[in-house]
Amino acid sequence: MTRPARNLALLGLLLLPAAAPAQQQFPVVGAEHVKAWIDGKRRMTLVDSRTPEEYAQAHLPGAISIPADRTLAEAGRLPRDKGQLVVFYCRGMGCTLSHASAAAAARLGHTYILVYQAGMPDWLLRGYPVERGWGPSPAARPGPAR
């Protein structure tokens, strides 16, 4: 191999992206679908993967708070029917909390998982309704250990 060819091969190796662990991808759903499902009272579990404090400030109507780092510990709050729709959301496009929660739910055996990737910032920009605080249902609150 000639020196220029070898240098070109080495340069090609340097330009390759670093190997990252494969992250499971989940189908992404838009705000219009989530809002239509909420308005139509579709049977689903809507999970806010942000912190309890962020959830209390504002969250999607009917959502429950299960912080991403608590998904496995609070598995009992997810639907017993592992085929029921579960939609996770968090802080928007740069946030990975919803995908982390979705991956944990998949490890628990849930099969119908969607991620509303645009999340709370998109919801607010669209002027869609939000709930504040913990709402009327104790089921919305995260479990005892935070």
# chains A, B, ... in the order shown; residues from 1 in each chain; ligands from 1
call {"tool": "residues_around", "arguments": {"residues": "segment 128-135 of chain A", "least_positions_apart": "5", "cutoff": "9 Å", "atoms": "only C-alpha atoms", "output": "JSON, numbers by chain"}}
result
{"A": [35, 53, 55, 56, 57, 58, 59, 60, 61, 62, 63, 64, 65, 123, 140, 141]}
call {"tool": "residues_around", "arguments": {"residues": "Pro67 of chain A", "least_positions_apart": "5", "cutoff": "10 Å", "atoms": "only C-alpha atoms", "output": "list in words"}}
result
Val47, Asp48, Ser49, Arg50, Thr51, Pro52, Glu54, Tyr55, Leu72, Glu74, Cys90, Leu97, Ser98, Ala100, Ser101, Pro142, Gly143 and Arg146 of chain A
call {"tool": "select_by_dssp", "arguments": {"residues": "segment 52-126 of chain A", "states": "strand (DSSP E or B)", "output": "VMD selection string"}}
result
chain A and resid 59 64 to 65 86 to 89 113 to 116
call {"tool": "residues_around", "arguments": {"residues": "Lys82 of chain A", "least_positions_apart": "3", "cutoff": "12 Å", "atoms": "only C-alpha atoms", "output": "list in words"}}
result
Met44, Thr45, Ala75, Gly76, Arg77, Leu78, Pro79, Leu85, Val86, Ala105, Ala106, Arg107, Leu108, Gly109, His110, Thr111, Tyr112 and Ile113 of chain A
call {"tool": "write_last_selection", "arguments": {"atoms": "C-alpha atoms", "output": "mmCIF file, in the first residue's frame"}}
result
data_model
loop_
_atom_site.group_PDB
_atom_site.id
_atom_site.type_symbol
_atom_site.label_atom_id
_atom_site.label_comp_id
_atom_site.auth_asym_id
_atom_site.auth_seq_id
_atom_site.Cartn_x
_atom_site.Cartn_y
_atom_site.Cartn_z
ATOM 1 C CA MET A 44 -53.578 4.354 27.043
ATOM 2 C CA THR A 45 -51.123 5.164 29.769
ATOM 3 C CA ALA A 75 -43.265 -1.032 37.137
ATOM 4 C CA GLY A 76 -46.512 -1.747 38.984
ATOM 5 C CA ARG A 77 -47.855 1.630 37.866
ATOM 6 C CA LEU A 78 -47.633 0.644 34.213
ATOM 7 C CA PRO A 79 -50.554 -1.287 32.686
ATOM 8 C CA LEU A 85 -50.576 1.474 24.574
ATOM 9 C CA VAL A 86 -47.999 3.343 26.686
ATOM 10 C CA ALA A 105 -40.849 -0.634 29.817
ATOM 11 C CA ALA A 106 -39.762 -2.850 26.918
ATOM 12 C CA ARG A 107 -37.462 -4.778 29.286
ATOM 13 C CA LEU A 108 -40.522 -5.303 31.490
ATOM 14 C CA GLY A 109 -42.317 -6.897 28.544
ATOM 15 C CA HIS A 110 -44.469 -4.023 27.286
ATOM 16 C CA THR A 111 -44.956 -4.264 23.535
ATOM 17 C CA TYR A 112 -47.047 -1.246 22.461
ATOM 18 C CA ILE A 113 -44.732 1.658 23.269
#
call {"tool": "residues_around", "arguments": {"residues": "Met93 of chain A", "least_positions_apart": "6", "cutoff": "10 Å", "atoms": "only C-alpha atoms", "output": "mmCIF file with C-alpha atoms, in the first residue's frame"}}
result
data_model
loop_
_atom_site.group_PDB
_atom_site.id
_atom_site.type_symbol
_atom_site.label_atom_id
_atom_site.label_comp_id
_atom_site.auth_asym_id
_atom_site.auth_seq_id
_atom_site.Cartn_x
_atom_site.Cartn_y
_atom_site.Cartn_z
ATOM 1 C CA TYR A 116 -43.866 11.706 22.003
ATOM 2 C CA GLN A 117 -40.358 12.985 21.341
ATOM 3 C CA ALA A 118 -41.233 16.676 20.938
ATOM 4 C CA GLY A 119 -42.662 16.496 24.452
ATOM 5 C CA MET A 120 -43.684 19.249 26.800
ATOM 6 C CA PRO A 121 -42.127 22.206 24.923
ATOM 7 C CA ASP A 122 -44.034 21.280 21.746
#
call {"tool": "atom_distance", "arguments": {"atom1": "atom CA of Lys41 of chain A", "atom2": "atom CA of Leu125 of chain A"}}
result
22.4 Å
